[in-house]
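File shown: final.cif (mmCIF, C-alpha atoms and all ligand atoms).
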```cif
data_my_file
#
loop_
_atom_site.label_atom_id
_atom_site.label_comp_id
_atom_site.auth_asym_id
_atom_site.auth_seq_id
_atom_site.Cartn_x
_atom_site.Cartn_y
_atom_site.Cartn_z
CA MET A 1 131.31 153.39 129.40
CA ASN A 2 130.68 150.69 131.97
CA GLN A 3 131.90 147.48 130.29
CA LEU A 4 129.47 144.58 130.00
CA ALA A 5 130.14 141.64 132.33
CA LEU A 6 129.91 139.49 129.21
CA PHE A 7 133.18 141.10 128.06
CA GLY A 8 134.94 141.05 131.44
CA GLY A 9 133.37 144.09 133.14
CA GLN A 10 131.93 144.19 136.65
CA PRO A 11 128.47 142.60 136.80
CA VAL A 12 125.64 144.82 138.03
CA ARG A 13 124.81 142.27 140.71
CA THR A 14 126.62 139.38 142.34
CA GLN A 15 124.06 138.56 145.03
CA PRO A 16 121.38 135.96 144.24
CA PHE A 17 117.71 136.96 144.10
CA PRO A 18 115.40 135.53 146.78
CA SER A 19 115.09 131.78 146.38
CA TRP A 20 111.84 129.94 145.73
CA PRO A 21 109.90 128.41 147.37
CA VAL A 22 109.79 130.53 150.50
CA HIS A 23 109.15 128.30 153.52
CA GLY A 24 109.62 128.33 157.26
CA GLU A 25 108.23 127.34 160.62
CA ARG A 26 104.62 127.16 159.47
CA GLU A 27 105.35 124.62 156.72
CA GLU A 28 107.46 122.64 159.19
CA ALA A 29 104.83 122.70 161.95
CA LEU A 30 101.94 121.69 159.71
CA ALA A 31 103.90 118.97 157.89
CA LEU A 32 105.13 117.57 161.22
CA GLU A 33 101.59 117.60 162.56
CA VAL A 34 100.54 115.36 159.68
CA LEU A 35 103.59 113.12 160.08
CA ARG A 36 103.07 112.62 163.79
CA SER A 37 99.33 112.09 163.49
CA GLY A 38 99.94 109.07 161.24
CA GLN A 39 96.93 110.30 159.25
CA TRP A 40 98.70 110.77 155.97
CA TRP A 41 95.52 110.06 154.06
CA ARG A 42 92.01 111.01 155.05
CA TYR A 43 88.60 110.23 153.69
CA THR A 44 87.41 113.68 152.62
CA LEU A 45 84.73 112.91 150.05
CA GLY A 46 82.00 115.43 150.75
CA GLU A 47 83.88 116.94 153.69
CA ALA A 48 85.02 120.02 151.84
CA ILE A 49 81.46 120.68 150.85
CA ASP A 50 79.93 120.04 154.27
CA GLY A 51 82.61 121.80 156.32
CA ALA A 52 83.32 119.14 158.96
CA ALA A 53 84.27 120.17 162.50
CA SER A 54 87.83 118.82 162.38
CA PRO A 55 88.66 118.66 158.73
CA SER A 56 91.61 116.90 157.23
CA LYS A 57 94.36 119.14 155.92
CA VAL A 58 93.09 118.51 152.39
CA ALA A 59 89.54 119.51 153.33
CA GLU A 60 90.75 122.55 155.28
CA PHE A 61 92.95 123.65 152.41
CA GLN A 62 90.21 123.19 149.84
CA GLN A 63 87.88 125.41 151.82
CA LYS A 64 90.42 128.10 152.63
CA PHE A 65 91.86 128.29 149.12
CA ALA A 66 88.41 128.40 147.53
CA ALA A 67 87.24 131.12 149.95
CA ALA A 68 90.39 133.17 149.30
CA HIS A 69 89.57 132.97 145.59
CA GLY A 70 85.91 133.95 145.83
CA CYS A 71 84.55 130.41 145.53
CA LYS A 72 82.38 128.17 147.67
CA TYR A 73 83.94 124.91 146.54
CA GLY A 74 87.49 123.71 146.04
CA ILE A 75 88.48 120.22 144.95
CA ALA A 76 92.18 119.52 145.37
CA CYS A 77 93.94 117.15 143.01
CA VAL A 78 97.36 115.95 141.87
CA ASN A 79 98.29 118.79 139.49
CA GLY A 80 97.02 121.60 137.30
CA THR A 81 96.80 119.39 134.21
CA ALA A 82 94.52 116.94 136.00
CA ALA A 83 92.52 119.91 137.34
CA LEU A 84 91.86 121.05 133.76
CA GLU A 85 90.79 117.53 132.75
CA ILE A 86 88.47 117.30 135.75
CA GLY A 87 87.00 120.73 135.03
CA LEU A 88 86.35 119.89 131.39
CA LYS A 89 84.76 116.55 132.27
CA ALA A 90 82.57 118.18 134.91
CA LEU A 91 81.43 120.71 132.31
CA GLY A 92 80.38 117.79 130.13
CA VAL A 93 83.07 118.01 127.44
CA LYS A 94 83.10 114.76 125.47
CA PRO A 95 85.33 113.13 122.82
CA GLY A 96 84.99 114.95 119.50
CA ASP A 97 84.00 118.27 121.09
CA ASP A 98 85.97 121.45 120.42
CA VAL A 99 87.61 123.45 123.21
CA ILE A 100 88.97 126.94 122.49
CA VAL A 101 92.40 127.64 123.97
CA PRO A 102 95.13 130.25 123.43
CA PRO A 103 98.33 129.02 121.76
CA TYR A 104 100.67 131.02 124.01
CA THR A 105 100.48 128.93 127.18
CA PHE A 106 101.80 125.73 128.73
CA ILE A 107 100.94 122.52 126.89
CA ALA A 108 98.42 121.43 129.54
CA THR A 109 95.86 124.03 128.43
CA ALA A 110 95.61 122.17 125.11
CA SER A 111 96.60 118.65 126.17
CA ALA A 112 93.89 118.43 128.87
CA PRO A 113 91.12 118.59 126.23
CA MET A 114 93.10 116.16 124.06
CA LEU A 115 93.49 113.70 126.93
CA ILE A 116 89.72 113.37 127.08
CA GLY A 117 89.39 113.08 123.30
CA ALA A 118 88.35 116.67 122.59
CA ASN A 119 90.02 118.92 120.00
CA PRO A 120 91.91 122.07 120.95
CA VAL A 121 90.93 125.00 118.72
CA PHE A 122 93.49 127.77 118.92
CA CYS A 123 92.45 131.41 119.17
CA ASP A 124 95.23 134.00 118.93
CA ILE A 125 96.40 136.25 121.75
CA ASP A 126 96.59 140.00 122.07
CA ILE A 127 100.24 140.98 121.60
CA ASP A 128 100.18 143.59 124.38
CA THR A 129 98.63 141.46 127.14
CA LEU A 130 99.64 138.01 125.80
CA ASN A 131 96.13 136.84 126.74
CA LEU A 132 93.36 135.45 124.54
CA ASP A 133 92.33 138.07 121.95
CA ALA A 134 88.61 138.40 122.64
CA GLY A 135 88.21 140.17 119.30
CA LYS A 136 89.07 136.89 117.56
CA LEU A 137 87.13 134.59 119.85
CA GLU A 138 83.82 134.52 118.03
CA ALA A 139 85.48 133.45 114.77
CA ALA A 140 86.99 130.45 116.56
CA ILE A 141 83.62 129.10 117.75
CA THR A 142 82.33 126.04 115.88
CA PRO A 143 79.07 124.10 116.21
CA ARG A 144 81.02 121.64 118.41
CA THR A 145 82.58 124.16 120.82
CA ARG A 146 81.77 123.01 124.35
CA ALA A 147 84.22 125.05 126.45
CA ILE A 148 86.52 128.08 126.32
CA ILE A 149 89.71 128.10 128.40
CA PRO A 150 91.17 131.58 128.83
CA VAL A 151 94.56 131.57 130.57
CA HIS A 152 95.45 134.42 132.92
CA PHE A 153 98.91 134.38 131.46
CA ALA A 154 101.73 135.34 133.85
CA GLY A 155 99.02 136.20 136.40
CA LEU A 156 97.42 138.98 134.33
CA ALA A 157 93.62 138.72 134.09
CA ALA A 158 92.29 137.80 130.66
CA ASP A 159 89.68 140.08 129.09
CA MET A 160 86.88 138.29 130.94
CA GLU A 161 84.07 140.74 130.24
CA ALA A 162 84.33 140.28 126.49
CA ILE A 163 85.01 136.55 126.79
CA LEU A 164 82.03 135.95 129.10
CA GLU A 165 79.73 137.99 126.90
CA ILE A 166 80.59 135.98 123.78
CA ALA A 167 80.51 132.68 125.69
CA ALA A 168 77.09 133.47 127.18
CA ARG A 169 75.68 134.41 123.80
CA HIS A 170 76.71 130.99 122.47
CA GLY A 171 75.86 129.06 125.64
CA ILE A 172 79.46 127.89 126.11
CA PRO A 173 80.95 127.53 129.62
CA VAL A 174 84.22 129.25 130.50
CA LEU A 175 86.91 127.36 132.42
CA GLU A 176 89.60 129.75 133.68
CA ASP A 177 93.14 128.34 133.57
CA ALA A 178 94.46 130.22 136.59
CA ALA A 179 97.67 128.18 136.94
CA HIS A 180 99.51 131.53 137.04
CA GLY A 181 96.83 133.46 138.85
CA HIS A 182 96.96 132.75 142.62
CA GLY A 183 95.80 135.83 144.48
CA GLY A 184 95.16 137.84 141.30
CA ALA A 185 92.04 139.83 140.45
CA TRP A 186 89.86 141.03 137.59
CA ARG A 187 87.69 144.07 138.35
CA ASN A 188 88.47 143.43 142.04
CA GLN A 189 87.05 139.92 141.75
CA PRO A 190 89.47 137.05 142.48
CA LEU A 191 90.81 135.19 139.46
CA GLY A 192 89.21 131.78 139.59
CA SER A 193 85.75 133.04 140.53
CA ILE A 194 84.76 134.53 137.18
CA GLY A 195 83.97 131.61 134.86
CA ALA A 196 81.89 128.49 135.55
CA MET A 197 84.98 126.80 136.99
CA ALA A 198 88.70 127.49 137.33
CA THR A 199 91.87 125.53 137.87
CA PHE A 200 95.15 126.29 139.64
CA SER A 201 98.51 124.51 139.76
CA PHE A 202 100.82 124.12 142.77
CA GLN A 203 103.77 122.77 140.77
CA ALA A 204 107.18 123.87 142.03
CA SER A 205 107.48 127.05 139.96
CA LYS A 206 104.02 128.39 140.85
CA ASN A 207 103.24 131.27 143.25
CA MET A 208 102.10 128.71 145.83
CA THR A 209 103.59 125.24 145.82
CA ALA A 210 103.84 121.86 147.47
CA GLY A 211 106.17 120.57 144.74
CA GLU A 212 103.11 119.35 142.85
CA GLY A 213 99.38 119.76 143.27
CA GLY A 214 96.31 121.36 141.74
CA ILE A 215 92.78 122.46 142.53
CA VAL A 216 89.48 123.03 140.78
CA VAL A 217 87.30 125.82 142.18
CA THR A 218 83.71 126.78 141.46
CA ASN A 219 80.60 128.36 142.94
CA ASP A 220 78.36 125.73 141.36
CA GLU A 221 77.41 122.94 143.77
CA ARG A 222 76.54 120.48 141.00
CA LEU A 223 79.86 120.99 139.20
CA ALA A 224 81.71 120.70 142.50
CA GLU A 225 80.08 117.37 143.28
CA ILE A 226 80.94 115.97 139.86
CA ALA A 227 84.53 117.21 140.12
CA GLU A 228 84.95 115.69 143.57
CA SER A 229 83.50 112.41 142.42
CA LEU A 230 85.98 112.36 139.50
CA VAL A 231 88.85 112.88 141.96
CA TRP A 232 87.52 109.95 144.00
CA VAL A 233 87.37 107.34 141.20
CA GLY A 234 83.73 108.10 140.49
CA ARG A 235 82.54 107.54 144.07
CA LYS A 236 79.59 109.46 145.47
CA LYS A 237 79.30 110.97 148.92
CA GLY A 238 77.19 108.80 151.20
CA ARG A 239 77.27 105.80 148.85
CA PRO A 240 79.18 102.53 149.44
CA TRP A 241 82.96 102.57 149.00
CA TYR A 242 82.99 100.16 146.06
CA GLU A 243 80.17 101.84 144.16
CA HIS A 244 81.31 103.94 141.19
CA HIS A 245 79.05 106.36 139.38
CA ARG A 246 81.28 107.82 136.69
CA LEU A 247 84.64 107.19 135.07
CA GLY A 248 86.99 108.89 137.50
CA TRP A 249 90.53 108.43 138.64
CA ASN A 250 92.53 108.61 141.85
CA TYR A 251 93.46 112.26 141.46
CA ARG A 252 93.84 112.88 145.21
CA LEU A 253 96.28 115.22 146.93
CA THR A 254 98.02 113.92 150.10
CA GLU A 255 97.68 115.36 153.59
CA PHE A 256 101.36 116.32 153.47
CA GLN A 257 100.91 118.46 150.39
CA ALA A 258 97.81 120.09 151.83
CA ALA A 259 99.73 120.91 155.03
CA ILE A 260 102.44 122.69 153.03
CA LEU A 261 99.84 124.46 150.92
CA LEU A 262 97.98 125.73 153.98
CA ALA A 263 101.20 127.42 155.10
CA GLN A 264 101.87 128.71 151.58
CA LEU A 265 98.37 130.19 151.43
CA GLU A 266 99.09 132.16 154.61
CA ARG A 267 102.01 133.81 152.78
CA LEU A 268 100.19 134.50 149.53
CA ALA A 269 98.56 137.90 150.18
CA GLU A 270 101.75 139.53 151.43
CA GLN A 271 103.85 138.00 148.65
CA THR A 272 101.32 139.10 146.03
CA ARG A 273 101.35 142.64 147.41
CA ARG A 274 105.14 142.72 147.18
CA ARG A 275 105.22 141.32 143.65
CA GLN A 276 102.63 143.90 142.59
CA GLU A 277 104.55 146.79 144.08
CA ASN A 278 107.84 145.67 142.58
CA GLY A 279 106.31 144.64 139.26
CA ALA A 280 104.66 148.01 138.74
CA TRP A 281 107.82 149.88 139.73
CA LEU A 282 109.95 147.81 137.37
CA THR A 283 107.56 148.35 134.48
CA ALA A 284 107.69 152.12 134.99
CA GLN A 285 111.49 151.94 134.69
CA LEU A 286 111.79 149.46 131.84
CA GLU A 287 109.17 150.93 129.53
CA GLN A 288 111.42 153.97 129.09
CA ILE A 289 114.08 151.87 127.38
CA PRO A 290 113.78 151.55 123.58
CA GLY A 291 112.77 148.05 122.48
CA ILE A 292 111.62 146.97 125.96
CA ARG A 293 107.84 146.47 126.06
CA PRO A 294 106.62 145.24 129.45
CA MET A 295 103.23 143.49 129.33
CA ALA A 296 100.37 145.97 129.24
CA VAL A 297 98.15 145.95 132.34
CA PRO A 298 94.60 146.93 131.32
CA ALA A 299 92.37 148.71 133.85
CA TYR A 300 90.27 145.56 134.35
CA ALA A 301 93.35 143.65 135.59
CA THR A 302 93.06 145.13 139.08
CA GLY A 303 95.33 142.54 140.70
CA HIS A 304 98.23 141.21 138.65
CA ALA A 305 99.48 137.97 140.26
CA TRP A 306 102.88 138.35 138.56
CA HIS A 307 103.69 134.68 138.15
CA ILE A 308 106.15 135.79 135.50
CA TYR A 309 107.66 139.21 134.94
CA CYS A 310 107.27 139.22 131.19
CA LEU A 311 108.23 141.76 128.55
CA ARG A 312 108.58 141.81 124.78
CA PHE A 313 112.03 142.50 123.43
CA VAL A 314 111.83 144.26 120.06
CA GLU A 315 115.20 143.62 118.47
CA SER A 316 115.02 146.36 115.82
CA ALA A 317 114.21 149.03 118.44
CA PHE A 318 116.77 147.83 120.98
CA GLY A 319 119.58 147.22 118.50
CA ALA A 320 120.62 143.69 119.50
CA THR A 321 119.16 140.21 119.29
CA ARG A 322 117.08 138.73 122.09
CA GLU A 323 119.59 135.89 122.48
CA ARG A 324 122.48 138.32 122.96
CA PHE A 325 120.40 140.42 125.34
CA LEU A 326 119.67 137.33 127.49
CA GLU A 327 123.35 136.33 127.49
CA ALA A 328 124.38 139.82 128.54
CA MET A 329 121.69 139.99 131.26
CA ALA A 330 122.76 136.62 132.67
CA ALA A 331 126.35 137.84 132.85
CA GLU A 332 125.13 140.94 134.73
CA GLY A 333 123.56 138.64 137.34
CA VAL A 334 119.97 138.83 136.07
CA PRO A 335 119.25 135.61 134.16
CA GLY A 336 116.02 135.51 132.18
CA SER A 337 114.54 133.14 129.64
CA SER A 338 112.91 133.34 126.23
CA GLY A 339 109.82 131.46 127.45
CA TYR A 340 107.77 129.24 125.18
CA ALA A 341 109.81 128.31 122.11
CA HIS A 342 106.72 127.59 119.99
CA SER A 343 103.07 128.46 119.81
CA LEU A 344 101.53 125.23 121.07
CA PHE A 345 100.33 124.12 117.62
CA ASN A 346 103.91 124.16 116.31
CA ASN A 347 105.01 121.48 118.77
CA PRO A 348 105.87 118.10 117.22
CA LEU A 349 102.83 116.69 119.06
CA PHE A 350 100.50 118.33 116.54
CA ASP A 351 100.04 117.03 113.00
CA GLU A 352 100.28 119.12 109.82
CA SER A 353 96.66 120.16 109.89
CA PHE A 354 97.54 122.42 112.83
CA GLN A 355 99.92 124.41 110.62
CA ARG A 356 96.91 126.46 109.52
CA TYR A 357 97.07 128.24 112.86
CA ASN A 358 100.27 129.95 111.74
CA GLU A 359 97.96 132.08 109.57
CA THR A 360 95.46 132.94 112.29
CA CYS A 361 97.76 133.13 115.32
CA ALA A 362 100.52 135.50 114.22
CA ALA A 363 100.57 137.35 117.55
CA SER A 364 101.35 134.15 119.44
CA ASN A 365 104.23 133.36 117.07
CA ARG A 366 105.50 136.89 117.53
CA ALA A 367 105.33 136.52 121.33
CA CYS A 368 107.46 133.37 121.04
CA ARG A 369 110.07 135.37 119.12
CA GLU A 370 110.01 138.42 121.38
CA ALA A 371 109.22 137.40 124.96
CA VAL A 372 111.66 137.66 127.82
CA TRP A 373 110.63 136.17 131.17
CA PHE A 374 112.01 136.77 134.63
CA GLU A 375 111.02 134.52 137.53
CA HIS A 376 108.49 135.81 140.05
CA ARG A 377 110.93 135.26 142.90
CA TYR A 378 112.89 138.31 141.67
CA LEU A 379 109.83 140.40 142.52
CA LEU A 380 110.01 139.18 146.12
CA GLY A 381 113.21 141.17 146.52
CA GLU A 382 113.78 144.68 147.83
CA ARG A 383 113.63 147.93 145.86
CA ALA A 384 117.42 147.69 145.45
CA ASP A 385 116.94 144.37 143.64
CA MET A 386 114.50 146.01 141.23
CA GLU A 387 116.92 148.88 140.72
CA SER A 388 119.61 146.39 139.78
CA ILE A 389 117.35 144.74 137.17
CA ALA A 390 116.60 148.12 135.61
CA ALA A 391 120.28 149.09 135.81
CA ALA A 392 121.30 145.85 134.07
CA VAL A 393 118.83 146.41 131.22
CA ARG A 394 120.00 150.01 130.82
CA LYS A 395 123.63 148.93 130.84
CA VAL A 396 123.02 146.31 128.15
CA TYR A 397 121.11 148.91 126.11
CA GLU A 398 123.96 151.40 126.37
CA ASN A 399 126.37 148.72 125.15
CA ARG A 400 124.07 147.39 122.45
CA GLY A 401 126.46 148.38 119.67
CA GLU A 402 129.25 146.22 120.99
CA LEU A 403 126.79 143.41 121.69
CA ALA A 404 125.56 143.50 118.11
CA ARG A 405 129.11 143.65 116.68
CA THR A 406 130.23 140.59 118.61
CA ALA A 407 127.15 138.45 117.85
C1 LIG B 501 99.04 127.89 132.12
C2 LIG B 501 99.23 126.54 132.74
N1 LIG B 501 98.19 125.69 132.78
C3 LIG B 501 98.31 124.48 133.35
C4 LIG B 501 99.50 124.05 133.89
C5 LIG B 501 99.58 122.66 134.40
O1 LIG B 501 99.92 122.56 135.73
P1 LIG B 501 100.71 121.29 136.30
O2 LIG B 501 102.14 121.42 135.90
O3 LIG B 501 100.49 121.39 137.77
O4 LIG B 501 100.09 120.07 135.72
C6 LIG B 501 100.60 124.91 133.88
C7 LIG B 501 101.89 124.48 134.47
O5 LIG B 501 102.93 125.02 134.20
C8 LIG B 501 100.47 126.18 133.28
O6 LIG B 501 101.51 127.03 133.23
#
```

Can I see the file as structure tokens?
Amino acid sequence: MNQLALFGGQPVRTQPFPSWPVHGEREEALALEVLRSGQWWRYTLGEAIDGAASPSKVAEFQQKFAAAHGCKYGIACVNGTAALEIGLKALGVKPGDDVIVPPYTFIATASAPMLIGANPVFCDIDIDTLNLDAGKLEAAITPRTRAIIPVHFAGLAADMEAILEIAARHGIPVLEDAAHGHGGAWRNQPLGSIGAMATFSFQASKNMTAGEGGIVVTNDERLAEIAESLVWVGRKKGRPWYEHHRLGWNYRLTEFQAAILLAQLERLAEQTRRRQENGAWLTAQLEQIPGIRPMAVPAYATGHAWHIYCLRFVESAFGATRERFLEAMAAEGVPGSSGYAHSLFNNPLFDESFQRYNETCAASNRACREAVWFEHRYLLGERADMESIAAAVRKVYENRGELARTA
């Protein structure tokens, strides 16, 4: 049998996967244009909404990104965490209100409500999709619930039909956390255009990046105006510079970041297509291996954005521990990670009262024990790269006995 690289055998692959971010002449040209213009900062308040003749890079990016995601309005800001805060504030969430969030996500989904004095209320996920379990949503609603934040985890659409139906019945707005969802779709509708508002992140790991950055998108003119005002320290379009109408912040993105993001947006559709093709092919291979459970893709998730290639690793079915599997895969040239170590409520940030969620959010805890993540840049490779991932998993499976013995 082919010896594992962990024990001195030949690794399945020695070549690196495509690096991230992908960049080239377009990023260079647009960034240089900003540099040479000396206009590194532009006054764009209201511009994105009006569609000025020669928009700043920020205004141009806001419009193009929003349009590509089925929205009329885009309000760029410093990062995805700030975008969530802005979205919640625009929706009228106040201190003491409850905001429903999944526990299997990045901290920002829960910390954004906390940063404005609201309480995160955790609703468990579905173990097959790793998205909010709509069947448990209604039980999480309290008299103080003022927003629901479904995350399109890993780029897979949340169960929006069920979520929107419950939310509408209770008169609660839905804010999509689409930090993983650039270019993705639900029932052929772009992620980000389904709820009242949505937020995206452009942090370095995301499917579009300028190192940092974020955006709020919506089709609601009133919400867009509030969000933009919040980004501009509470200013109002057409009003004097030192007149402030609400408690905002300087959440602005720079012209340099917008220039890079414009170029990144031009690459998005083709990269998404490639990730989708490779992701689907890989799933068809990996789901045949005992103990390997790639994320389910329900029919409504018509466009997976594949921010993460995620699977569940069921130790008893595979015959080795997840930690040993990850060590063996790394040695074969396919490093992965175990993802979130805790359901959010088990982070030291949260006091003991949050321990109750261990009872109601068992699927999230299970996902923390079982998940294996591979970076989206792997999916930008060729078919041969996908074959090598599948070959590495098969090789580790075939050698599982030795792996278990040497644990
Ligand atoms: C699901 C989710 N929401 C929000 C964010 C916050 O984005 P940022 O890092 O740009 O603040 C992230 C970032 O990783 C995320 O993964």

Can you write out as CSV which residues of chain A fall within 8 Å of ligand LIG 501 (chain B), alongside each residue's closest atom pair and its distance in Å to one decimal, counting all atoms listed in the file and ordering rows by chain and ascending residue number?
```
residue,atom,partner,partner_atom,distance
A:Val78,CA,B:LIG501,O3,7.5
A:Asn79,CA,B:LIG501,O3,3.8
A:Gly80,CA,B:LIG501,O1,3.4
A:Thr81,CA,B:LIG501,O4,3.7
A:Ala82,CA,B:LIG501,O4,6.4
A:Ala83,CA,B:LIG501,O4,7.7
A:Leu84,CA,B:LIG501,C3,7.3
A:Thr105,CA,B:LIG501,C1,5.2
A:Phe106,CA,B:LIG501,O6,4.7
A:Ile107,CA,B:LIG501,N1,7.2
A:Ala108,CA,B:LIG501,C3,4.9
A:Thr109,CA,B:LIG501,N1,5.2
A:Val151,CA,B:LIG501,C1,6.0
A:His152,CA,B:LIG501,C1,7.5
A:Phe153,CA,B:LIG501,C1,6.5
A:Asp177,CA,B:LIG501,N1,5.8
A:Ala178,CA,B:LIG501,C1,6.8
A:Ala179,CA,B:LIG501,C2,4.8
A:His180,CA,B:LIG501,C1,6.1
A:Thr199,CA,B:LIG501,C3,7.9
A:Phe200,CA,B:LIG501,O1,7.2
A:Ser201,CA,B:LIG501,O3,4.2
A:Phe202,CA,B:LIG501,O3,5.7
A:Gln203,CA,B:LIG501,O3,4.7
A:Ser205,CA,B:LIG501,O5,7.6
A:Lys206,CA,B:LIG501,O5,7.5
A:Glu212,CA,B:LIG501,O3,6.1
A:Gly213,CA,B:LIG501,O3,5.8
A:Gly214,CA,B:LIG501,O3,5.8
```

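One finds CA of Ile226 in chain A at 8.7 Å from CA of Ile86 in chain A.
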
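Atom pair CA of Asn207 in chain A / CA of His182 in chain A has a distance of 6.5 Å (rounded to one decimal).
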
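Ranking A:Ala158, A:Ala90, A:Arg146, A:Asp385 by their shortest atom-to-atom distance to Leu132 in chain A, with all atoms listed in the file included, puts A:Ala158 first.
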
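Among the candidates A:Thr129, A:Gln39, A:Ser56, A:Gln10, the one nearest to Ala299 in chain A when counting all atoms listed in the file is A:Thr129.
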
(request) Tell me, as JSON, numbers by chain, which residues lie within 10 Å of range 317-331 of chain A, counting only C-alpha atoms; anything in the same chain fewer than 3 positions away does not count. (result) {"A": [4, 5, 6, 7, 8, 9, 10, 11, 12, 13, 14, 289, 290, 291, 292, 312, 313, 314, 334, 335, 336, 337, 338, 369, 370, 371, 372, 373, 389, 392, 393, 395, 396, 397, 398, 399, 400, 401, 402, 403, 404, 405, 406, 407]}

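With CA of Ile100 in chain A on one side and CA of Asn346 in chain A on the other, the separation reads 16.4 Å.
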
Radius query 12 Å about (83.1, 128.5, 117.3), atoms used: only C-alpha atoms, as a PDB file with C-alpha atoms, in the frame of the given file:
```
ATOM      1  CA  ASP A  97      84.000 118.270 121.090  1.00  0.00           C
ATOM      2  CA  ASP A  98      85.970 121.450 120.420  1.00  0.00           C
ATOM      3  CA  VAL A  99      87.610 123.450 123.210  1.00  0.00           C
ATOM      4  CA  ILE A 100      88.970 126.940 122.490  1.00  0.00           C
ATOM      5  CA  VAL A 101      92.400 127.640 123.970  1.00  0.00           C
ATOM      6  CA  PRO A 120      91.910 122.070 120.950  1.00  0.00           C
ATOM      7  CA  VAL A 121      90.930 125.000 118.720  1.00  0.00           C
ATOM      8  CA  PHE A 122      93.490 127.770 118.920  1.00  0.00           C
ATOM      9  CA  CYS A 123      92.450 131.410 119.170  1.00  0.00           C
ATOM     10  CA  LYS A 136      89.070 136.890 117.560  1.00  0.00           C
ATOM     11  CA  LEU A 137      87.130 134.590 119.850  1.00  0.00           C
ATOM     12  CA  GLU A 138      83.820 134.520 118.030  1.00  0.00           C
ATOM     13  CA  ALA A 139      85.480 133.450 114.770  1.00  0.00           C
ATOM     14  CA  ALA A 140      86.990 130.450 116.560  1.00  0.00           C
ATOM     15  CA  ILE A 141      83.620 129.100 117.750  1.00  0.00           C
ATOM     16  CA  THR A 142      82.330 126.040 115.880  1.00  0.00           C
ATOM     17  CA  PRO A 143      79.070 124.100 116.210  1.00  0.00           C
ATOM     18  CA  ARG A 144      81.020 121.640 118.410  1.00  0.00           C
ATOM     19  CA  THR A 145      82.580 124.160 120.820  1.00  0.00           C
ATOM     20  CA  ARG A 146      81.770 123.010 124.350  1.00  0.00           C
ATOM     21  CA  ALA A 147      84.220 125.050 126.450  1.00  0.00           C
ATOM     22  CA  ILE A 148      86.520 128.080 126.320  1.00  0.00           C
ATOM     23  CA  ILE A 166      80.590 135.980 123.780  1.00  0.00           C
ATOM     24  CA  ALA A 167      80.510 132.680 125.690  1.00  0.00           C
ATOM     25  CA  ARG A 169      75.680 134.410 123.800  1.00  0.00           C
ATOM     26  CA  HIS A 170      76.710 130.990 122.470  1.00  0.00           C
ATOM     27  CA  GLY A 171      75.860 129.060 125.640  1.00  0.00           C
ATOM     28  CA  ILE A 172      79.460 127.890 126.110  1.00  0.00           C
TER      29      ILE A 172
END
```

Spatial neighbours of Tyr43 in chain A, 12 Å, only C-alpha atoms, chain gap at least 3 places, as a CSV table (one decimal) with C-alpha atoms, keeping the file's coordinate frame:
```
chain,number,residue,atom,x,y,z
A,39,GLN,CA,96.9,110.3,159.2
A,40,TRP,CA,98.7,110.8,156.0
A,46,GLY,CA,82.0,115.4,150.8
A,47,GLU,CA,83.9,116.9,153.7
A,48,ALA,CA,85.0,120.0,151.8
A,52,ALA,CA,83.3,119.1,159.0
A,55,PRO,CA,88.7,118.7,158.7
A,56,SER,CA,91.6,116.9,157.2
A,57,LYS,CA,94.4,119.1,155.9
A,58,VAL,CA,93.1,118.5,152.4
A,59,ALA,CA,89.5,119.5,153.3
A,232,TRP,CA,87.5,110.0,144.0
A,235,ARG,CA,82.5,107.5,144.1
A,237,LYS,CA,79.3,111.0,148.9
A,238,GLY,CA,77.2,108.8,151.2
A,241,TRP,CA,83.0,102.6,149.0
A,252,ARG,CA,93.8,112.9,145.2
A,253,LEU,CA,96.3,115.2,146.9
A,254,THR,CA,98.0,113.9,150.1
A,255,GLU,CA,97.7,115.4,153.6
```

Kindly provide, as a PyMOL selection string, the polymer residues lying within 12 Å of (99.9, 115.2, 118.5), counting all atoms listed in the file and using the coordinates exactly as they appear in the file. chain A and resi 107+110-111+114-115+117+119-120+344-354

Could you save those same residues with C-alpha atoms as a PDB file, in the coordinates of the input?
```
ATOM      1  CA  ILE A 107     100.940 122.520 126.890  1.00  0.00           C
ATOM      2  CA  ALA A 110      95.610 122.170 125.110  1.00  0.00           C
ATOM      3  CA  SER A 111      96.600 118.650 126.170  1.00  0.00           C
ATOM      4  CA  MET A 114      93.100 116.160 124.060  1.00  0.00           C
ATOM      5  CA  LEU A 115      93.490 113.700 126.930  1.00  0.00           C
ATOM      6  CA  GLY A 117      89.390 113.080 123.300  1.00  0.00           C
ATOM      7  CA  ASN A 119      90.020 118.920 120.000  1.00  0.00           C
ATOM      8  CA  PRO A 120      91.910 122.070 120.950  1.00  0.00           C
ATOM      9  CA  LEU A 344     101.530 125.230 121.070  1.00  0.00           C
ATOM     10  CA  PHE A 345     100.330 124.120 117.620  1.00  0.00           C
ATOM     11  CA  ASN A 346     103.910 124.160 116.310  1.00  0.00           C
ATOM     12  CA  ASN A 347     105.010 121.480 118.770  1.00  0.00           C
ATOM     13  CA  PRO A 348     105.870 118.100 117.220  1.00  0.00           C
ATOM     14  CA  LEU A 349     102.830 116.690 119.060  1.00  0.00           C
ATOM     15  CA  PHE A 350     100.500 118.330 116.540  1.00  0.00           C
ATOM     16  CA  ASP A 351     100.040 117.030 113.000  1.00  0.00           C
ATOM     17  CA  GLU A 352     100.280 119.120 109.820  1.00  0.00           C
ATOM     18  CA  SER A 353      96.660 120.160 109.890  1.00  0.00           C
ATOM     19  CA  PHE A 354      97.540 122.420 112.830  1.00  0.00           C
TER      20      PHE A 354
END
```
